[in-house]
$ cat entry.cif   # mmCIF, C-alpha atoms
data_model
loop_
_atom_site.label_atom_id
_atom_site.label_comp_id
_atom_site.auth_asym_id
_atom_site.auth_seq_id
_atom_site.Cartn_x
_atom_site.Cartn_y
_atom_site.Cartn_z
CA MET A 1 -4.30 12.96 18.55
CA GLU A 2 -1.38 11.13 16.96
CA ILE A 3 -1.92 8.14 14.65
CA GLN A 4 0.65 5.70 13.29
CA LEU A 5 0.61 5.47 9.51
CA SER A 6 -1.02 2.44 7.91
CA TYR A 7 0.45 -0.22 5.60
CA ASN A 8 -1.78 1.22 2.83
CA SER A 9 -0.64 4.43 1.09
CA LEU A 10 -4.21 5.42 0.12
CA VAL A 11 -5.35 5.25 3.76
CA ASN A 12 -2.24 7.24 4.72
CA SER A 13 -3.04 9.97 2.19
CA LEU A 14 -6.49 10.41 3.78
CA LEU A 15 -5.03 10.65 7.28
CA ILE A 16 -2.32 13.11 6.21
CA LYS A 17 -5.04 15.44 4.84
CA LEU A 18 -6.43 15.61 8.39
CA GLY A 19 -3.21 16.73 10.02
CA GLN A 20 0.56 16.91 9.74
CA ARG A 21 2.91 14.04 9.05
CA LYS A 22 5.61 13.39 11.62
CA HIS A 23 7.88 10.62 10.30
CA LEU A 24 5.75 7.43 10.65
CA ASN A 25 2.84 9.17 12.42
CA VAL A 26 0.26 11.83 11.68
CA GLU A 27 -0.65 14.49 14.20
CA ILE A 28 -4.38 14.94 13.55
CA ALA A 29 -5.47 18.57 13.63
CA GLN A 30 -7.95 19.63 16.28
CA GLY A 31 -11.49 19.17 14.99
CA ASN A 32 -10.50 16.32 12.63
CA GLU A 33 -10.34 13.56 15.26
CA LYS A 34 -13.77 12.10 14.43
CA ALA A 35 -12.98 11.89 10.70
CA ALA A 36 -9.65 10.19 11.49
CA GLU A 37 -11.38 7.65 13.73
CA GLU A 38 -13.92 6.90 10.98
CA ILE A 39 -11.13 6.32 8.43
CA ILE A 40 -9.27 4.01 10.81
CA LYS A 41 -12.48 2.05 11.47
CA LEU A 42 -13.09 1.70 7.72
CA ALA A 43 -9.49 0.55 7.16
CA GLU A 44 -9.90 -2.24 9.73
CA ASP A 45 -12.57 -3.94 7.56
CA THR A 46 -10.32 -5.81 5.12
CA ILE A 47 -10.87 -8.36 2.37
CA ARG A 48 -8.50 -10.65 0.50
CA VAL A 49 -8.20 -9.73 -3.18
CA ARG A 50 -6.72 -11.54 -6.14
CA ALA A 51 -4.87 -9.46 -8.75
CA THR A 52 -4.17 -10.97 -12.17
CA PHE A 53 -1.73 -9.05 -14.36
CA LYS A 54 -3.14 -8.92 -17.91
CA GLU A 55 0.01 -7.19 -19.12
CA THR A 56 3.50 -6.61 -17.74
CA VAL A 57 3.37 -3.64 -15.37
CA ASP A 58 6.46 -1.57 -14.61
CA LYS A 59 7.29 1.43 -12.48
CA TYR A 60 10.12 3.86 -13.14
CA GLN A 61 12.53 3.96 -10.16
CA GLY A 62 10.00 2.83 -7.59
CA PRO A 63 7.65 0.10 -6.41
CA VAL A 64 4.70 -1.26 -8.36
CA LYS A 65 1.54 -0.50 -6.36
CA CYS A 66 -2.05 -1.68 -6.50
CA LEU A 67 -4.94 -0.47 -4.31
CA GLY A 68 -2.46 1.46 -2.17
CA MET A 69 -0.30 -1.59 -1.52
CA THR A 70 3.31 -2.06 -2.56
CA ILE A 71 3.16 -5.14 -4.78
CA ALA A 72 6.80 -5.36 -5.87
CA LYS A 73 9.88 -3.39 -4.92
CA ALA A 74 13.34 -3.00 -6.42
CA THR A 75 16.10 -0.58 -5.47
CA GLY A 76 18.09 -0.53 -8.71
CA ARG A 77 18.62 -2.17 -12.08
CA ASP A 78 20.59 -5.11 -10.71
CA SER A 79 18.90 -5.43 -7.31
CA GLY A 80 16.17 -7.74 -8.52
CA ALA A 81 12.70 -7.18 -7.12
CA SER A 82 10.61 -8.97 -4.57
CA PHE A 83 7.10 -9.21 -3.24
CA PRO A 84 6.58 -7.97 0.32
CA THR A 85 5.67 -10.67 2.85
CA SER A 86 2.04 -9.48 2.73
CA ILE A 87 1.77 -10.64 -0.91
CA THR A 88 1.05 -14.28 -1.80
CA LEU A 89 2.16 -15.46 -5.25
CA ILE A 90 -0.56 -17.76 -6.61
CA SER A 91 0.94 -18.33 -10.06
CA GLY A 92 3.27 -16.75 -12.57
CA SER A 93 6.64 -15.10 -12.17
CA THR A 94 8.38 -13.33 -9.35
CA PRO A 95 8.98 -9.62 -9.98
CA ASP A 96 12.24 -8.31 -11.41
CA SER A 97 14.19 -5.13 -12.05
CA GLY A 98 15.84 -3.91 -15.22
CA GLY A 99 16.62 -0.94 -17.43
CA SER A 100 19.81 1.08 -17.23
CA MET A 101 21.80 2.04 -14.14
CA LYS A 102 20.28 5.53 -14.11
CA ASN A 103 16.85 4.64 -15.49
CA TRP A 104 15.93 1.39 -13.76
CA ARG A 105 12.44 -0.05 -13.41
CA THR A 106 10.50 -2.56 -11.28
CA TYR A 107 8.57 -5.20 -13.26
CA VAL A 108 5.63 -7.49 -12.50
CA TYR A 109 5.07 -9.78 -15.45
CA LYS A 110 1.99 -10.66 -17.47
CA ASP A 111 -0.04 -13.64 -16.14
CA THR A 112 1.26 -13.19 -12.58
CA VAL A 113 -1.49 -13.81 -10.02
CA ILE A 114 -1.14 -12.57 -6.44
CA GLU A 115 -3.35 -12.20 -3.38
CA PHE A 116 -3.26 -9.67 -0.55
CA GLU A 117 -5.39 -7.98 2.11
CA VAL A 118 -6.79 -4.51 1.48
CA PRO A 119 -9.39 -2.31 3.19
CA LYS A 120 -12.79 -3.09 1.67
CA PHE A 121 -13.59 0.58 1.00
CA ILE A 122 -10.38 0.91 -1.05
CA TYR A 123 -11.29 -2.19 -3.09
CA ASP A 124 -14.85 -0.92 -3.67
CA LYS A 125 -13.63 2.49 -4.85
CA PHE A 126 -10.67 1.48 -7.05
CA LYS A 127 -11.19 -2.13 -8.22
CA ASN A 128 -11.96 -1.07 -11.81
CA GLU A 129 -9.29 1.63 -12.10
CA TYR A 130 -6.46 -0.58 -13.39
CA GLU A 131 -6.31 -1.30 -17.12
CA ASP A 132 -3.54 -3.91 -16.89
CA ILE A 133 -4.67 -5.68 -13.70
CA ASN A 134 -7.87 -7.63 -13.10
CA ILE A 135 -8.82 -7.28 -9.42
CA GLU A 136 -11.44 -9.43 -7.74
CA ILE A 137 -12.27 -10.79 -4.30
CA ALA A 138 -10.10 -13.88 -3.73
CA PRO A 139 -11.97 -17.18 -3.66
CA ASN A 140 -12.41 -18.87 -0.30
CA LEU A 141 -10.83 -22.30 -0.33
CA SER A 142 -12.06 -25.10 1.86
CA SER A 143 -9.81 -27.76 3.36
CA LYS A 144 -11.48 -30.23 0.97
CA ASP A 145 -10.40 -28.09 -2.03
CA LEU A 146 -6.85 -27.90 -0.71
CA ILE A 147 -6.65 -31.65 -0.08
CA ASN A 148 -8.05 -32.42 -3.55
CA ASP A 149 -5.41 -30.18 -5.15
CA LEU A 150 -2.52 -31.59 -3.11
CA SER A 151 0.16 -33.35 -5.15
CA ILE A 152 3.38 -35.17 -4.38
CA ASP A 153 5.24 -32.20 -5.92
CA ASP A 154 4.05 -30.02 -3.01
CA GLU A 155 6.29 -32.04 -0.69
CA ASP A 156 9.41 -30.81 -2.54
CA SER A 157 8.38 -27.13 -2.37
CA ILE A 158 8.49 -26.99 1.44
CA GLU A 159 12.22 -27.51 1.97
#

$ encode --input "entry.cif" --output "structure tokens"
Amino acid sequence: MEIQLSYNSLVNSLLIKLGQRKHLNVEIAQGNEKAAEEIIKLAEDTIRVRATFKETVDKYQGPVKCLGMTIAKATGRDSGASFPTSITLISGSTPDSGGSMKNWRTYVYKDTVIEFEVPKFIYDKFKNEYEDINIEIAPNLSSKDLINDLSIDDEDSIE
């Protein structure tokens, strides 16, 4: 049984323990198929979470991650950093890169608020594991809420 790796590195680490990685897939070892199917089923049950950065978070020469998701990625000191398309910026700053040429870092700044989808079992297990990030289930907005919050300034942001 061969399974394509997930978008979530924590789900991938579980699948890799059940077999052997082959580039973007995992060949599940004989006898581990049922466990792999259970993990995949669990990973399909996702929720939208909101992450609020209580402090600036940085990662040495790599992406900033949260709940197995890449939150911000840079490739060098001067590359700048960006959120993947799966991340929605609610408020705050866009990520950045910095440091020296040899010792660069990826930064997500204090008071940044983002939302993204994550498997529910990952959220349940790790939601309280981050000192510098408050993680909660994202609020559901109704069309009435969105209309009430609409301003003339929103028109300019869609160009």

$ resolve_selection --input "entry.cif" --expression "the PyMOL selection byres ((chain A and resi 133) around 8)" --output "ChimeraX atom specification"
/A:51-55,130-132,134-135

$ resolve_selection --input "entry.cif" --expression "the PyMOL selection byres ((chain A and resi 72-85) around 8)" --output "ChimeraX atom specification"
/A:61-65,70-71,86-88,94-101,103-108

$ resolve_selection --input "entry.cif" --expression "the PyMOL selection byres ((chain A and resi 68) around 6)" --output "list in words"
Asn8, Ser9, Leu10, Cys66, Leu67 and Met69 of chain A

$ atom_distance --input "entry.cif" --atom1 "atom CA of Asp45 of chain A" --atom2 "atom CA of Ile137 of chain A"
13.7 Å

$ residues_around --input "entry.cif" --residues "Leu89 of chain A" --least-positions-apart "5" --cutoff "8 Å" --atoms "all atoms listed in the file" --output "PyMOL selection string"
chain A and resi 94+112-115

$ atom_distance --input "entry.cif" --atom1 "atom CA of Lys127 of chain A" --atom2 "atom CA of Ser93 of chain A"
22.4 Å

$ closest_atom_pairs --input "entry.cif" --of "segment 40-102 of chain A" --to "segment 24-36 of chain A" --cutoff "10 Å" --atoms "only C-alpha atoms" --output "tab-separated table"
residue	atom	partner	partner_atom	distance
A:Ile40	CA	A:Ala36	CA	6.2
A:Lys41	CA	A:Ala36	CA	8.6
A:Leu42	CA	A:Ala36	CA	9.9

$ atom_distance --input "entry.cif" --atom1 "atom CA of Arg50 of chain A" --atom2 "atom CA of Phe116 of chain A"
6.8 Å

$ closest_residue --input "entry.cif" --among "A:Ser13, A:Ile3, A:Asn140, A:Glu129" --to "Glu37 of chain A" --atoms "all atoms listed in the file"
A:Ile3

$ decode --input "entry.cif" --residues "segment 78-126 of chain A" --atoms "N, CA and C atoms" --output "mmCIF file, in the first residue's frame"
data_model
loop_
_atom_site.group_PDB
_atom_site.id
_atom_site.type_symbol
_atom_site.label_atom_id
_atom_site.label_comp_id
_atom_site.auth_asym_id
_atom_site.auth_seq_id
_atom_site.Cartn_x
_atom_site.Cartn_y
_atom_site.Cartn_z
ATOM 1 N N ASP A 78 17.787 37.692 2.961
ATOM 2 C CA ASP A 78 17.197 38.758 2.148
ATOM 3 C C ASP A 78 16.017 38.304 1.305
ATOM 4 N N SER A 79 15.579 37.058 1.477
ATOM 5 C CA SER A 79 14.494 36.538 0.636
ATOM 6 C C SER A 79 13.134 37.077 1.040
ATOM 7 N N GLY A 80 13.040 37.585 2.277
ATOM 8 C CA GLY A 80 11.716 37.881 2.805
ATOM 9 C C GLY A 80 11.069 36.558 3.156
ATOM 10 N N ALA A 81 9.917 36.614 3.746
ATOM 11 C CA ALA A 81 9.185 35.395 4.095
ATOM 12 C C ALA A 81 7.745 35.592 3.673
ATOM 13 N N SER A 82 7.039 34.495 3.558
ATOM 14 C CA SER A 82 5.637 34.588 3.167
ATOM 15 C C SER A 82 4.830 33.507 3.858
ATOM 16 N N PHE A 83 3.516 33.744 3.897
ATOM 17 C CA PHE A 83 2.595 32.721 4.370
ATOM 18 C C PHE A 83 2.241 31.834 3.183
ATOM 19 N N PRO A 84 2.110 30.536 3.380
ATOM 20 C CA PRO A 84 1.586 29.685 2.307
ATOM 21 C C PRO A 84 0.140 30.079 1.996
ATOM 22 N N THR A 85 -0.362 29.659 0.853
ATOM 23 C CA THR A 85 -1.728 30.015 0.462
ATOM 24 C C THR A 85 -2.779 29.423 1.402
ATOM 25 N N SER A 86 -2.425 28.417 2.167
ATOM 26 C CA SER A 86 -3.365 27.806 3.114
ATOM 27 C C SER A 86 -3.544 28.632 4.386
ATOM 28 N N ILE A 87 -2.751 29.680 4.550
ATOM 29 C CA ILE A 87 -2.806 30.524 5.745
ATOM 30 C C ILE A 87 -3.540 31.822 5.412
ATOM 31 N N THR A 88 -4.479 32.210 6.277
ATOM 32 C CA THR A 88 -5.197 33.470 6.120
ATOM 33 C C THR A 88 -4.720 34.434 7.195
ATOM 34 N N LEU A 89 -4.215 35.588 6.784
ATOM 35 C CA LEU A 89 -3.800 36.629 7.732
ATOM 36 C C LEU A 89 -5.049 37.387 8.167
ATOM 37 N N ILE A 90 -5.351 37.359 9.457
ATOM 38 C CA ILE A 90 -6.505 38.063 10.010
ATOM 39 C C ILE A 90 -6.102 39.469 10.422
ATOM 40 N N SER A 91 -4.972 39.586 11.115
ATOM 41 C CA SER A 91 -4.463 40.903 11.500
ATOM 42 C C SER A 91 -2.985 40.779 11.830
ATOM 43 N N GLY A 92 -2.323 41.925 11.869
ATOM 44 C CA GLY A 92 -0.904 41.938 12.197
ATOM 45 C C GLY A 92 -0.035 42.040 10.968
ATOM 46 N N SER A 93 1.191 41.589 11.116
ATOM 47 C CA SER A 93 2.213 41.761 10.090
ATOM 48 C C SER A 93 2.406 40.507 9.249
ATOM 49 N N THR A 94 2.908 40.720 8.045
ATOM 50 C CA THR A 94 3.346 39.586 7.242
ATOM 51 C C THR A 94 4.688 39.108 7.790
ATOM 52 N N PRO A 95 5.050 37.852 7.555
ATOM 53 C CA PRO A 95 6.319 37.350 8.090
ATOM 54 C C PRO A 95 7.503 37.978 7.369
ATOM 55 N N ASP A 96 8.691 37.773 7.924
ATOM 56 C CA ASP A 96 9.892 38.366 7.345
ATOM 57 C C ASP A 96 11.075 37.443 7.598
ATOM 58 N N SER A 97 12.195 37.773 6.991
ATOM 59 C CA SER A 97 13.442 37.055 7.223
ATOM 60 C C SER A 97 14.485 38.065 7.682
ATOM 61 N N GLY A 98 15.534 37.560 8.305
ATOM 62 C CA GLY A 98 16.590 38.454 8.777
ATOM 63 C C GLY A 98 17.759 37.653 9.301
ATOM 64 N N GLY A 99 18.647 38.329 10.013
ATOM 65 C CA GLY A 99 19.853 37.693 10.522
ATOM 66 C C GLY A 99 21.020 37.979 9.600
ATOM 67 N N SER A 100 22.005 37.114 9.628
ATOM 68 C CA SER A 100 23.167 37.273 8.750
ATOM 69 C C SER A 100 23.026 36.345 7.545
ATOM 70 N N MET A 101 23.904 36.492 6.582
ATOM 71 C CA MET A 101 23.849 35.656 5.382
ATOM 72 C C MET A 101 23.940 34.166 5.734
ATOM 73 N N LYS A 102 24.820 33.833 6.677
ATOM 74 C CA LYS A 102 25.003 32.425 7.044
ATOM 75 C C LYS A 102 24.040 31.968 8.132
ATOM 76 N N ASN A 103 23.556 32.883 8.938
ATOM 77 C CA ASN A 103 22.710 32.532 10.079
ATOM 78 C C ASN A 103 21.374 33.263 10.002
ATOM 79 N N TRP A 104 20.633 33.027 8.931
ATOM 80 C CA TRP A 104 19.365 33.706 8.716
ATOM 81 C C TRP A 104 18.227 33.030 9.492
ATOM 82 N N ARG A 105 17.137 33.762 9.638
ATOM 83 C CA ARG A 105 15.982 33.279 10.388
ATOM 84 C C ARG A 105 14.688 33.697 9.695
ATOM 85 N N THR A 106 13.618 32.953 9.961
ATOM 86 C CA THR A 106 12.264 33.298 9.527
ATOM 87 C C THR A 106 11.532 33.839 10.744
ATOM 88 N N TYR A 107 10.828 34.970 10.580
ATOM 89 C CA TYR A 107 10.126 35.609 11.691
ATOM 90 C C TYR A 107 8.630 35.718 11.432
ATOM 91 N N VAL A 108 7.836 35.447 12.489
ATOM 92 C CA VAL A 108 6.417 35.817 12.530
ATOM 93 C C VAL A 108 6.293 36.696 13.767
ATOM 94 N N TYR A 109 5.751 37.892 13.571
ATOM 95 C CA TYR A 109 5.806 38.910 14.615
ATOM 96 C C TYR A 109 4.658 38.851 15.628
ATOM 97 N N LYS A 110 4.972 39.366 16.814
ATOM 98 C CA LYS A 110 4.010 39.478 17.904
ATOM 99 C C LYS A 110 2.735 40.169 17.401
ATOM 100 N N ASP A 111 1.594 39.726 17.897
ATOM 101 C CA ASP A 111 0.252 40.246 17.594
ATOM 102 C C ASP A 111 -0.255 39.864 16.203
ATOM 103 N N THR A 112 0.483 39.008 15.489
ATOM 104 C CA THR A 112 -0.024 38.495 14.216
ATOM 105 C C THR A 112 -1.091 37.449 14.521
ATOM 106 N N VAL A 113 -2.192 37.508 13.784
ATOM 107 C CA VAL A 113 -3.291 36.550 13.946
ATOM 108 C C VAL A 113 -3.540 35.906 12.585
ATOM 109 N N ILE A 114 -3.510 34.577 12.558
ATOM 110 C CA ILE A 114 -3.726 33.832 11.318
ATOM 111 C C ILE A 114 -4.750 32.726 11.556
ATOM 112 N N GLU A 115 -5.314 32.227 10.463
ATOM 113 C CA GLU A 115 -6.210 31.079 10.530
ATOM 114 C C GLU A 115 -5.797 30.059 9.486
ATOM 115 N N PHE A 116 -6.025 28.774 9.810
ATOM 116 C CA PHE A 116 -5.712 27.689 8.886
ATOM 117 C C PHE A 116 -6.445 26.421 9.313
ATOM 118 N N GLU A 117 -6.520 25.466 8.371
ATOM 119 C CA GLU A 117 -7.157 24.172 8.618
ATOM 120 C C GLU A 117 -6.120 23.194 9.162
ATOM 121 N N VAL A 118 -6.571 22.360 10.097
ATOM 122 C CA VAL A 118 -5.678 21.364 10.685
ATOM 123 C C VAL A 118 -6.529 20.151 11.092
ATOM 124 N N PRO A 119 -5.971 18.952 11.030
ATOM 125 C CA PRO A 119 -6.728 17.801 11.527
ATOM 126 C C PRO A 119 -7.117 18.009 12.999
ATOM 127 N N LYS A 120 -8.365 17.679 13.311
ATOM 128 C CA LYS A 120 -8.881 17.907 14.666
ATOM 129 C C LYS A 120 -8.060 17.170 15.725
ATOM 130 N N PHE A 121 -7.623 15.939 15.417
ATOM 131 C CA PHE A 121 -6.864 15.192 16.421
ATOM 132 C C PHE A 121 -5.521 15.859 16.719
ATOM 133 N N ILE A 122 -4.932 16.531 15.744
ATOM 134 C CA ILE A 122 -3.680 17.265 15.969
ATOM 135 C C ILE A 122 -3.953 18.466 16.879
ATOM 136 N N TYR A 123 -5.014 19.213 16.583
ATOM 137 C CA TYR A 123 -5.399 20.351 17.428
ATOM 138 C C TYR A 123 -5.628 19.881 18.868
ATOM 139 N N ASP A 124 -6.427 18.837 19.034
ATOM 140 C CA ASP A 124 -6.754 18.346 20.384
ATOM 141 C C ASP A 124 -5.507 17.955 21.164
ATOM 142 N N LYS A 125 -4.546 17.345 20.496
ATOM 143 C CA LYS A 125 -3.342 16.866 21.184
ATOM 144 C C LYS A 125 -2.333 17.984 21.496
ATOM 145 N N PHE A 126 -2.201 18.969 20.596
ATOM 146 C CA PHE A 126 -1.100 19.928 20.721
ATOM 147 C C PHE A 126 -1.507 21.383 20.955
#
